[in-house]
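Reproduced below: coords_9.tsv, with TSV, C-alpha atoms.
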chain	number	residue	atom	x	y	z
A	1	MET	CA	0.00	0.00	0.00
A	2	HIS	CA	1.26	3.48	-0.87
A	3	TYR	CA	1.33	6.13	1.87
A	4	CYS	CA	1.53	9.84	1.16
A	5	ALA	CA	3.88	12.05	3.12
A	6	SER	CA	2.30	15.30	1.99
A	7	PHE	CA	-1.14	16.86	1.87
A	8	ALA	CA	-0.95	17.18	-1.92
A	9	CYS	CA	-0.32	13.47	-2.31
A	10	TRP	CA	-3.26	12.70	-0.04
A	11	ILE	CA	-5.57	14.91	-2.12
A	12	LYS	CA	-4.35	13.18	-5.27
A	13	ASN	CA	-5.21	9.73	-3.90
A	14	ILE	CA	-8.64	10.87	-2.78
A	15	THR	CA	-9.35	12.28	-6.24
A	16	ARG	CA	-8.23	9.06	-7.94
A	17	ARG	CA	-10.48	6.97	-5.69
A	18	MET	CA	-13.43	9.24	-6.40
A	19	ARG	CA	-12.87	8.77	-10.11
A	20	LEU	CA	-12.84	4.99	-9.68
A	21	SER	CA	-16.03	5.14	-7.61
A	22	SER	CA	-17.63	7.37	-10.24
A	23	ASN	CA	-16.80	4.86	-12.99
A	24	ARG	CA	-18.27	2.02	-10.96
A	25	ILE	CA	-21.45	3.99	-10.41
A	26	GLN	CA	-21.69	4.65	-14.13
A	27	TYR	CA	-21.24	0.96	-14.84
A	28	LEU	CA	-23.95	0.10	-12.33
A	29	ILE	CA	-26.32	2.64	-13.87
A	30	VAL	CA	-25.72	1.30	-17.39
A	31	ALA	CA	-26.13	-2.31	-16.21
A	32	SER	CA	-29.37	-1.41	-14.41
A	33	LEU	CA	-30.73	0.32	-17.50
A	34	LEU	CA	-29.86	-2.63	-19.73
A	35	SER	CA	-31.43	-5.09	-17.28
A	36	GLY	CA	-34.56	-2.98	-17.07
A	37	PHE	CA	-34.76	-2.73	-20.86
A	38	TYR	CA	-34.42	-6.53	-21.17
A	39	LEU	CA	-37.13	-7.15	-18.59
A	40	VAL	CA	-39.51	-4.70	-20.28
A	41	LEU	CA	-38.84	-6.25	-23.70
A	42	HIS	CA	-39.38	-9.75	-22.30
A	43	GLN	CA	-42.68	-8.70	-20.73
A	44	MET	CA	-43.81	-7.07	-23.97
A	45	LEU	CA	-43.09	-10.27	-25.92
A	46	GLU	CA	-44.99	-12.35	-23.37
A	47	ILE	CA	-47.96	-9.98	-23.56
A	48	LYS	CA	-47.89	-10.16	-27.36
A	49	ASP	CA	-47.82	-13.96	-27.24
A	50	LEU	CA	-50.76	-14.03	-24.81
A	51	GLN	CA	-52.70	-11.66	-27.06
A	52	LYS	CA	-52.03	-13.92	-30.04
A	53	LYS	CA	-53.27	-16.98	-28.14
A	54	GLU	CA	-56.33	-15.10	-26.98
A	55	ILE	CA	-57.14	-14.06	-30.55
A	56	GLU	CA	-56.76	-17.68	-31.70
A	57	LEU	CA	-59.13	-18.86	-28.96
A	58	ILE	CA	-61.64	-16.15	-29.86
A	59	ASN	CA	-61.51	-17.09	-33.55
A	60	LYS	CA	-61.85	-20.77	-32.68
A	61	GLN	CA	-64.85	-20.04	-30.51
A	62	LYS	CA	-66.40	-17.94	-33.27
A	63	MET	CA	-65.93	-20.83	-35.68
A	64	CYS	CA	-67.56	-23.21	-33.22
A	65	ASP	CA	-70.42	-20.77	-32.72
A	66	PHE	CA	-70.88	-20.57	-36.47
A	67	THR	CA	-70.61	-24.26	-37.32
A	68	HIS	CA	-71.52	-26.21	-34.19
A	69	ASN	CA	-73.63	-23.96	-31.96
A	70	GLY	CA	-70.75	-23.18	-29.64
A	71	LYS	CA	-69.73	-26.79	-28.97
A	72	CYS	CA	-65.97	-27.11	-29.34
A	73	PRO	CA	-63.87	-30.26	-28.92
A	74	THR	CA	-62.50	-30.67	-25.40
A	75	SER	CA	-59.42	-32.63	-26.53
A	76	SER	CA	-56.49	-31.50	-28.65
A	77	ASN	CA	-55.97	-35.00	-30.06
A	78	PRO	CA	-56.58	-35.58	-33.78
A	79	THR	CA	-59.97	-37.11	-34.57
A	80	TYR	CA	-61.21	-39.83	-36.90
A	81	TRP	CA	-64.63	-40.26	-38.46
A	82	LEU	CA	-65.67	-43.90	-38.66
A	83	ALA	CA	-68.37	-43.90	-41.31
A	84	ALA	CA	-70.00	-47.32	-41.44
A	85	LYS	CA	-73.40	-48.82	-40.69
A	86	SER	CA	-71.73	-51.17	-38.22
A	87	ALA	CA	-69.36	-48.55	-36.76
A	88	ASP	CA	-70.19	-49.44	-33.14
A	89	THR	CA	-70.22	-53.21	-33.56
A	90	GLU	CA	-67.51	-55.80	-33.01
A	91	HIS	CA	-67.05	-55.93	-36.78
A	92	MET	CA	-65.26	-52.54	-36.63
A	93	GLN	CA	-63.52	-53.04	-33.29
A	94	HIS	CA	-60.11	-53.48	-34.92
A	95	VAL	CA	-60.43	-50.11	-36.67
A	96	ARG	CA	-61.36	-48.34	-33.43
A	97	ASN	CA	-58.51	-50.06	-31.57
A	98	ILE	CA	-55.90	-48.98	-34.11
A	99	PHE	CA	-56.99	-45.34	-34.08
A	100	LYS	CA	-56.98	-45.35	-30.28
A	101	ALA	CA	-53.50	-46.88	-30.19
A	102	VAL	CA	-52.04	-44.11	-32.36
A	103	GLY	CA	-53.65	-41.31	-30.32
A	104	TYR	CA	-56.82	-40.48	-32.26
A	105	ASP	CA	-60.15	-39.65	-30.67
A	106	ARG	CA	-63.36	-40.67	-32.34
A	107	TRP	CA	-65.06	-37.67	-33.90
A	108	ASP	CA	-68.34	-36.50	-32.46
A	109	GLU	CA	-70.29	-35.46	-35.55
A	110	LYS	CA	-71.80	-32.54	-33.62
A	111	VAL	CA	-68.51	-31.09	-32.35
A	112	GLY	CA	-65.53	-29.73	-34.29
A	113	THR	CA	-64.14	-31.27	-37.44
A	114	TRP	CA	-62.41	-34.54	-38.27
A	115	ASP	CA	-58.84	-35.24	-39.39
A	116	VAL	CA	-59.20	-38.74	-40.87
A	117	LEU	CA	-62.26	-40.29	-42.50
A	118	TRP	CA	-62.32	-44.08	-42.44
A	119	SER	CA	-65.32	-45.01	-44.52
A	120	TYR	CA	-66.49	-48.57	-45.04
A	121	ASP	CA	-68.42	-47.56	-48.15
A	122	TYR	CA	-67.26	-45.40	-51.03
A	123	PRO	CA	-67.56	-41.88	-49.52
A	124	PHE	CA	-67.73	-39.65	-52.60
A	125	PRO	CA	-69.92	-37.65	-52.85
A	126	SER	CA	-72.42	-39.09	-50.35
A	127	LYS	CA	-70.29	-38.28	-47.29
A	128	VAL	CA	-67.70	-35.76	-48.48
A	129	ASN	CA	-67.04	-33.62	-51.51
A	130	PRO	CA	-63.36	-33.84	-52.56
A	131	SER	CA	-63.28	-30.14	-53.44
A	132	ASN	CA	-64.32	-29.21	-49.88
A	133	LEU	CA	-61.61	-31.18	-48.10
A	134	ARG	CA	-58.94	-29.29	-46.18
A	135	SER	CA	-55.30	-30.00	-46.98
A	136	THR	CA	-54.89	-31.66	-43.56
A	137	GLN	CA	-57.85	-34.05	-43.90
A	138	LEU	CA	-57.25	-37.64	-45.01
A	139	VAL	CA	-59.71	-40.15	-46.48
A	140	ASN	CA	-59.15	-43.90	-46.85
A	141	HIS	CA	-60.46	-43.78	-50.43
A	142	PHE	CA	-59.60	-41.68	-53.44
A	143	PRO	CA	-62.13	-40.47	-56.02
A	144	GLY	CA	-62.87	-43.29	-58.45
A	145	SER	CA	-61.50	-46.05	-56.24
A	146	GLY	CA	-64.99	-47.46	-55.83
A	147	TYR	CA	-64.80	-48.84	-59.35
A	148	LEU	CA	-61.71	-50.84	-58.33
A	149	THR	CA	-62.75	-51.99	-54.86
A	150	SER	CA	-66.36	-52.85	-55.68
A	151	LYS	CA	-66.57	-56.36	-57.11
A	152	VAL	CA	-69.72	-55.45	-59.03
A	153	TYR	CA	-68.17	-52.44	-60.76
A	154	LEU	CA	-64.90	-54.27	-61.32
A	155	ALA	CA	-66.61	-57.32	-62.80
A	156	LYS	CA	-68.62	-55.15	-65.18
A	157	SER	CA	-65.55	-53.27	-66.41
A	158	ILE	CA	-64.90	-53.74	-70.10
A	159	SER	CA	-61.35	-55.08	-70.05
A	160	ARG	CA	-59.62	-58.10	-71.45
A	161	TYR	CA	-58.07	-58.67	-68.03
A	162	ILE	CA	-61.45	-58.92	-66.27
A	163	PRO	CA	-63.58	-62.07	-66.77
A	164	THR	CA	-67.00	-61.52	-68.31
A	165	ALA	CA	-69.68	-60.92	-65.69
A	166	PHE	CA	-73.42	-60.45	-65.62
A	167	THR	CA	-75.86	-58.93	-63.15
A	168	LEU	CA	-78.87	-61.16	-62.59
A	169	PRO	CA	-81.74	-61.02	-63.22
A	170	LYS	CA	-81.10	-57.82	-65.19
A	171	ASP	CA	-78.71	-59.48	-67.67
A	172	LYS	CA	-80.41	-62.90	-67.69
A	173	GLU	CA	-80.88	-63.13	-71.48
A	174	LYS	CA	-77.32	-62.02	-72.23
A	175	PHE	CA	-76.03	-64.47	-69.66
A	176	GLN	CA	-77.99	-67.39	-71.14
A	177	GLN	CA	-76.73	-66.60	-74.63
A	178	PHE	CA	-73.14	-66.40	-73.40
A	179	VAL	CA	-73.53	-69.79	-71.67
A	180	VAL	CA	-74.80	-71.32	-74.91
A	181	ASN	CA	-71.77	-70.00	-76.77
A	182	ASN	CA	-69.33	-70.99	-73.97
A	183	PRO	CA	-70.67	-74.18	-72.37
A	184	ASP	CA	-67.35	-75.23	-70.79
A	185	LYS	CA	-66.78	-72.08	-68.71
A	186	LEU	CA	-67.08	-72.12	-64.93
A	187	TRP	CA	-68.85	-69.30	-63.11
A	188	VAL	CA	-68.48	-67.60	-59.75
A	189	GLN	CA	-71.85	-66.94	-58.19
A	190	LYS	CA	-71.93	-64.17	-55.60
A	191	SER	CA	-74.85	-62.38	-53.97
A	192	ASN	CA	-74.98	-58.72	-52.90
A	193	GLN	CA	-75.24	-59.91	-49.28
A	194	HIS	CA	-71.72	-61.41	-49.52
A	195	ARG	CA	-73.17	-64.86	-48.85
A	196	GLY	CA	-73.62	-67.99	-50.94
A	197	ILE	CA	-70.42	-67.64	-52.98
A	198	ALA	CA	-69.92	-70.71	-55.16
A	199	ILE	CA	-68.19	-71.92	-58.32
A	200	LYS	CA	-70.68	-73.46	-60.69
A	201	SER	CA	-70.83	-75.01	-64.12
A	202	MET	CA	-73.83	-74.08	-66.26
A	203	GLU	CA	-73.55	-77.21	-68.35
A	204	GLY	CA	-76.94	-78.88	-68.49
A	205	GLU	CA	-78.72	-75.85	-67.00
Could you render the structure as C-alpha coordinates?
Amino acid sequence: MHYCASFACWIKNITRRMRLSSNRIQYLIVASLLSGFYLVLHQMLEIKDLQKKEIELINKQKMCDFTHNGKCPTSSNPTYWLAAKSADTEHMQHVRNIFKAVGYDRWDEKVGTWDVLWSYDYPFPSKVNPSNLRSTQLVNHFPGSGYLTSKVYLAKSISRYIPTAFTLPKDKEKFQQFVVNNPDKLWVQKSNQHRGIAIKSMEGE
(Lines of atoms letter the chains of each structure in order from A and count residues from 1; the text may use other names and numbers.)
(Lines give C-alpha, C1' and ligand atoms only; values in the text may rest on other atoms or scores of the structure.)
Protein backbone atom coordinates (compact mmCIF):
# COMPACT_ATOMS: atom_id res chain seq x y z
CA MET A 1 0.00 0.00 0.00
CA HIS A 2 1.26 3.48 -0.87
CA TYR A 3 1.33 6.13 1.87
CA CYS A 4 1.53 9.84 1.16
CA ALA A 5 3.88 12.05 3.12
CA SER A 6 2.30 15.30 1.99
CA PHE A 7 -1.14 16.86 1.87
CA ALA A 8 -0.95 17.18 -1.92
CA CYS A 9 -0.32 13.47 -2.31
CA TRP A 10 -3.26 12.70 -0.04
CA ILE A 11 -5.57 14.91 -2.12
CA LYS A 12 -4.35 13.18 -5.27
CA ASN A 13 -5.21 9.73 -3.90
CA ILE A 14 -8.64 10.87 -2.78
CA THR A 15 -9.35 12.28 -6.24
CA ARG A 16 -8.23 9.06 -7.94
CA ARG A 17 -10.48 6.97 -5.69
CA MET A 18 -13.43 9.24 -6.40
CA ARG A 19 -12.87 8.77 -10.11
CA LEU A 20 -12.84 4.99 -9.68
CA SER A 21 -16.03 5.14 -7.61
CA SER A 22 -17.63 7.37 -10.24
CA ASN A 23 -16.80 4.86 -12.99
CA ARG A 24 -18.27 2.02 -10.96
CA ILE A 25 -21.45 3.99 -10.41
CA GLN A 26 -21.69 4.65 -14.13
CA TYR A 27 -21.24 0.96 -14.84
CA LEU A 28 -23.95 0.10 -12.33
CA ILE A 29 -26.32 2.64 -13.87
CA VAL A 30 -25.72 1.30 -17.39
CA ALA A 31 -26.13 -2.31 -16.21
CA SER A 32 -29.37 -1.41 -14.41
CA LEU A 33 -30.73 0.32 -17.50
CA LEU A 34 -29.86 -2.63 -19.73
CA SER A 35 -31.43 -5.09 -17.28
CA GLY A 36 -34.56 -2.98 -17.07
CA PHE A 37 -34.76 -2.73 -20.86
CA TYR A 38 -34.42 -6.53 -21.17
CA LEU A 39 -37.13 -7.15 -18.59
CA VAL A 40 -39.51 -4.70 -20.28
CA LEU A 41 -38.84 -6.25 -23.70
CA HIS A 42 -39.38 -9.75 -22.30
CA GLN A 43 -42.68 -8.70 -20.73
CA MET A 44 -43.81 -7.07 -23.97
CA LEU A 45 -43.09 -10.27 -25.92
CA GLU A 46 -44.99 -12.35 -23.37
CA ILE A 47 -47.96 -9.98 -23.56
CA LYS A 48 -47.89 -10.16 -27.36
CA ASP A 49 -47.82 -13.96 -27.24
CA LEU A 50 -50.76 -14.03 -24.81
CA GLN A 51 -52.70 -11.66 -27.06
CA LYS A 52 -52.03 -13.92 -30.04
CA LYS A 53 -53.27 -16.98 -28.14
CA GLU A 54 -56.33 -15.10 -26.98
CA ILE A 55 -57.14 -14.06 -30.55
CA GLU A 56 -56.76 -17.68 -31.70
CA LEU A 57 -59.13 -18.86 -28.96
CA ILE A 58 -61.64 -16.15 -29.86
CA ASN A 59 -61.51 -17.09 -33.55
CA LYS A 60 -61.85 -20.77 -32.68
CA GLN A 61 -64.85 -20.04 -30.51
CA LYS A 62 -66.40 -17.94 -33.27
CA MET A 63 -65.93 -20.83 -35.68
CA CYS A 64 -67.56 -23.21 -33.22
CA ASP A 65 -70.42 -20.77 -32.72
CA PHE A 66 -70.88 -20.57 -36.47
CA THR A 67 -70.61 -24.26 -37.32
CA HIS A 68 -71.52 -26.21 -34.19
CA ASN A 69 -73.63 -23.96 -31.96
CA GLY A 70 -70.75 -23.18 -29.64
CA LYS A 71 -69.73 -26.79 -28.97
CA CYS A 72 -65.97 -27.11 -29.34
CA PRO A 73 -63.87 -30.26 -28.92
CA THR A 74 -62.50 -30.67 -25.40
CA SER A 75 -59.42 -32.63 -26.53
CA SER A 76 -56.49 -31.50 -28.65
CA ASN A 77 -55.97 -35.00 -30.06
CA PRO A 78 -56.58 -35.58 -33.78
CA THR A 79 -59.97 -37.11 -34.57
CA TYR A 80 -61.21 -39.83 -36.90
CA TRP A 81 -64.63 -40.26 -38.46
CA LEU A 82 -65.67 -43.90 -38.66
CA ALA A 83 -68.37 -43.90 -41.31
CA ALA A 84 -70.00 -47.32 -41.44
CA LYS A 85 -73.40 -48.82 -40.69
CA SER A 86 -71.73 -51.17 -38.22
CA ALA A 87 -69.36 -48.55 -36.76
CA ASP A 88 -70.19 -49.44 -33.14
CA THR A 89 -70.22 -53.21 -33.56
CA GLU A 90 -67.51 -55.80 -33.01
CA HIS A 91 -67.05 -55.93 -36.78
CA MET A 92 -65.26 -52.54 -36.63
CA GLN A 93 -63.52 -53.04 -33.29
CA HIS A 94 -60.11 -53.48 -34.92
CA VAL A 95 -60.43 -50.11 -36.67
CA ARG A 96 -61.36 -48.34 -33.43
CA ASN A 97 -58.51 -50.06 -31.57
CA ILE A 98 -55.90 -48.98 -34.11
CA PHE A 99 -56.99 -45.34 -34.08
CA LYS A 100 -56.98 -45.35 -30.28
CA ALA A 101 -53.50 -46.88 -30.19
CA VAL A 102 -52.04 -44.11 -32.36
CA GLY A 103 -53.65 -41.31 -30.32
CA TYR A 104 -56.82 -40.48 -32.26
CA ASP A 105 -60.15 -39.65 -30.67
CA ARG A 106 -63.36 -40.67 -32.34
CA TRP A 107 -65.06 -37.67 -33.90
CA ASP A 108 -68.34 -36.50 -32.46
CA GLU A 109 -70.29 -35.46 -35.55
CA LYS A 110 -71.80 -32.54 -33.62
CA VAL A 111 -68.51 -31.09 -32.35
CA GLY A 112 -65.53 -29.73 -34.29
CA THR A 113 -64.14 -31.27 -37.44
CA TRP A 114 -62.41 -34.54 -38.27
CA ASP A 115 -58.84 -35.24 -39.39
CA VAL A 116 -59.20 -38.74 -40.87
CA LEU A 117 -62.26 -40.29 -42.50
CA TRP A 118 -62.32 -44.08 -42.44
CA SER A 119 -65.32 -45.01 -44.52
CA TYR A 120 -66.49 -48.57 -45.04
CA ASP A 121 -68.42 -47.56 -48.15
CA TYR A 122 -67.26 -45.40 -51.03
CA PRO A 123 -67.56 -41.88 -49.52
CA PHE A 124 -67.73 -39.65 -52.60
CA PRO A 125 -69.92 -37.65 -52.85
CA SER A 126 -72.42 -39.09 -50.35
CA LYS A 127 -70.29 -38.28 -47.29
CA VAL A 128 -67.70 -35.76 -48.48
CA ASN A 129 -67.04 -33.62 -51.51
CA PRO A 130 -63.36 -33.84 -52.56
CA SER A 131 -63.28 -30.14 -53.44
CA ASN A 132 -64.32 -29.21 -49.88
CA LEU A 133 -61.61 -31.18 -48.10
CA ARG A 134 -58.94 -29.29 -46.18
CA SER A 135 -55.30 -30.00 -46.98
CA THR A 136 -54.89 -31.66 -43.56
CA GLN A 137 -57.85 -34.05 -43.90
CA LEU A 138 -57.25 -37.64 -45.01
CA VAL A 139 -59.71 -40.15 -46.48
CA ASN A 140 -59.15 -43.90 -46.85
CA HIS A 141 -60.46 -43.78 -50.43
CA PHE A 142 -59.60 -41.68 -53.44
CA PRO A 143 -62.13 -40.47 -56.02
CA GLY A 144 -62.87 -43.29 -58.45
CA SER A 145 -61.50 -46.05 -56.24
CA GLY A 146 -64.99 -47.46 -55.83
CA TYR A 147 -64.80 -48.84 -59.35
CA LEU A 148 -61.71 -50.84 -58.33
CA THR A 149 -62.75 -51.99 -54.86
CA SER A 150 -66.36 -52.85 -55.68
CA LYS A 151 -66.57 -56.36 -57.11
CA VAL A 152 -69.72 -55.45 -59.03
CA TYR A 153 -68.17 -52.44 -60.76
CA LEU A 154 -64.90 -54.27 -61.32
CA ALA A 155 -66.61 -57.32 -62.80
CA LYS A 156 -68.62 -55.15 -65.18
CA SER A 157 -65.55 -53.27 -66.41
CA ILE A 158 -64.90 -53.74 -70.10
CA SER A 159 -61.35 -55.08 -70.05
CA ARG A 160 -59.62 -58.10 -71.45
CA TYR A 161 -58.07 -58.67 -68.03
CA ILE A 162 -61.45 -58.92 -66.27
CA PRO A 163 -63.58 -62.07 -66.77
CA THR A 164 -67.00 -61.52 -68.31
CA ALA A 165 -69.68 -60.92 -65.69
CA PHE A 166 -73.42 -60.45 -65.62
CA THR A 167 -75.86 -58.93 -63.15
CA LEU A 168 -78.87 -61.16 -62.59
CA PRO A 169 -81.74 -61.02 -63.22
CA LYS A 170 -81.10 -57.82 -65.19
CA ASP A 171 -78.71 -59.48 -67.67
CA LYS A 172 -80.41 -62.90 -67.69
CA GLU A 173 -80.88 -63.13 -71.48
CA LYS A 174 -77.32 -62.02 -72.23
CA PHE A 175 -76.03 -64.47 -69.66
CA GLN A 176 -77.99 -67.39 -71.14
CA GLN A 177 -76.73 -66.60 -74.63
CA PHE A 178 -73.14 -66.40 -73.40
CA VAL A 179 -73.53 -69.79 -71.67
CA VAL A 180 -74.80 -71.32 -74.91
CA ASN A 181 -71.77 -70.00 -76.77
CA ASN A 182 -69.33 -70.99 -73.97
CA PRO A 183 -70.67 -74.18 -72.37
CA ASP A 184 -67.35 -75.23 -70.79
CA LYS A 185 -66.78 -72.08 -68.71
CA LEU A 186 -67.08 -72.12 -64.93
CA TRP A 187 -68.85 -69.30 -63.11
CA VAL A 188 -68.48 -67.60 -59.75
CA GLN A 189 -71.85 -66.94 -58.19
CA LYS A 190 -71.93 -64.17 -55.60
CA SER A 191 -74.85 -62.38 -53.97
CA ASN A 192 -74.98 -58.72 -52.90
CA GLN A 193 -75.24 -59.91 -49.28
CA HIS A 194 -71.72 -61.41 -49.52
CA ARG A 195 -73.17 -64.86 -48.85
CA GLY A 196 -73.62 -67.99 -50.94
CA ILE A 197 -70.42 -67.64 -52.98
CA ALA A 198 -69.92 -70.71 -55.16
CA ILE A 199 -68.19 -71.92 -58.32
CA LYS A 200 -70.68 -73.46 -60.69
CA SER A 201 -70.83 -75.01 -64.12
CA MET A 202 -73.83 -74.08 -66.26
CA GLU A 203 -73.55 -77.21 -68.35
CA GLY A 204 -76.94 -78.88 -68.49
CA GLU A 205 -78.72 -75.85 -67.00
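Using all atoms listed in the file, the contacts of stretch 176-184 of chain A at a cut-off of 12 Å, with sequence neighbours closer than 4 positions omitted, comprise Thr164, Ala165, Phe166, Thr167, Leu168, Pro169, Lys170, Asp171, Lys172, Lys200, Ser201, Met202, Glu203, Gly204 and Glu205 of chain A.
Atom CA of A:Lys53 lies 23.7 Å from atom CA of A:Gln137.
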- Write out as a ChimeraX atom specification the residues lying within 9 Å of stretch 100-108 of chain A, counting all atoms listed in the file and excluding same-chain residues fewer than 3 positions away. /A:73,75,77-82,95-97,111-115
- Message: Just the number, please: distance in Å from atom CA of A:Lys156 to atom CA of A:Lys174, one decimal.
- Response: 13.1 Å
- Message: Can you measure atom CA of A:Tyr122 to atom CA of A:Gly146 for me? One decimal in Å is fine.
- Response: 5.7 Å
- Skip stretch 84-89 of chain A itself and residues of its chain fewer than 6 positions away, then list as a VMD selection string all residues within 9 Å of it, counting all atoms listed in the file. chain A and resid 96 118 to 121
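Of the residues listed (A:Phe175, A:Asp49, A:Lys151, A:Leu117), A:Leu117 shows the shortest atom-to-atom separation from A:Leu133; distances use all atoms listed in the file.
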- Task: Tell me, as a VMD selection string, which residues lie within 10 Å of A:Phe142, counting only C-alpha atoms; anything in the same chain fewer than 6 positions away does not count.
- Result: chain A and resid 122 to 124 130
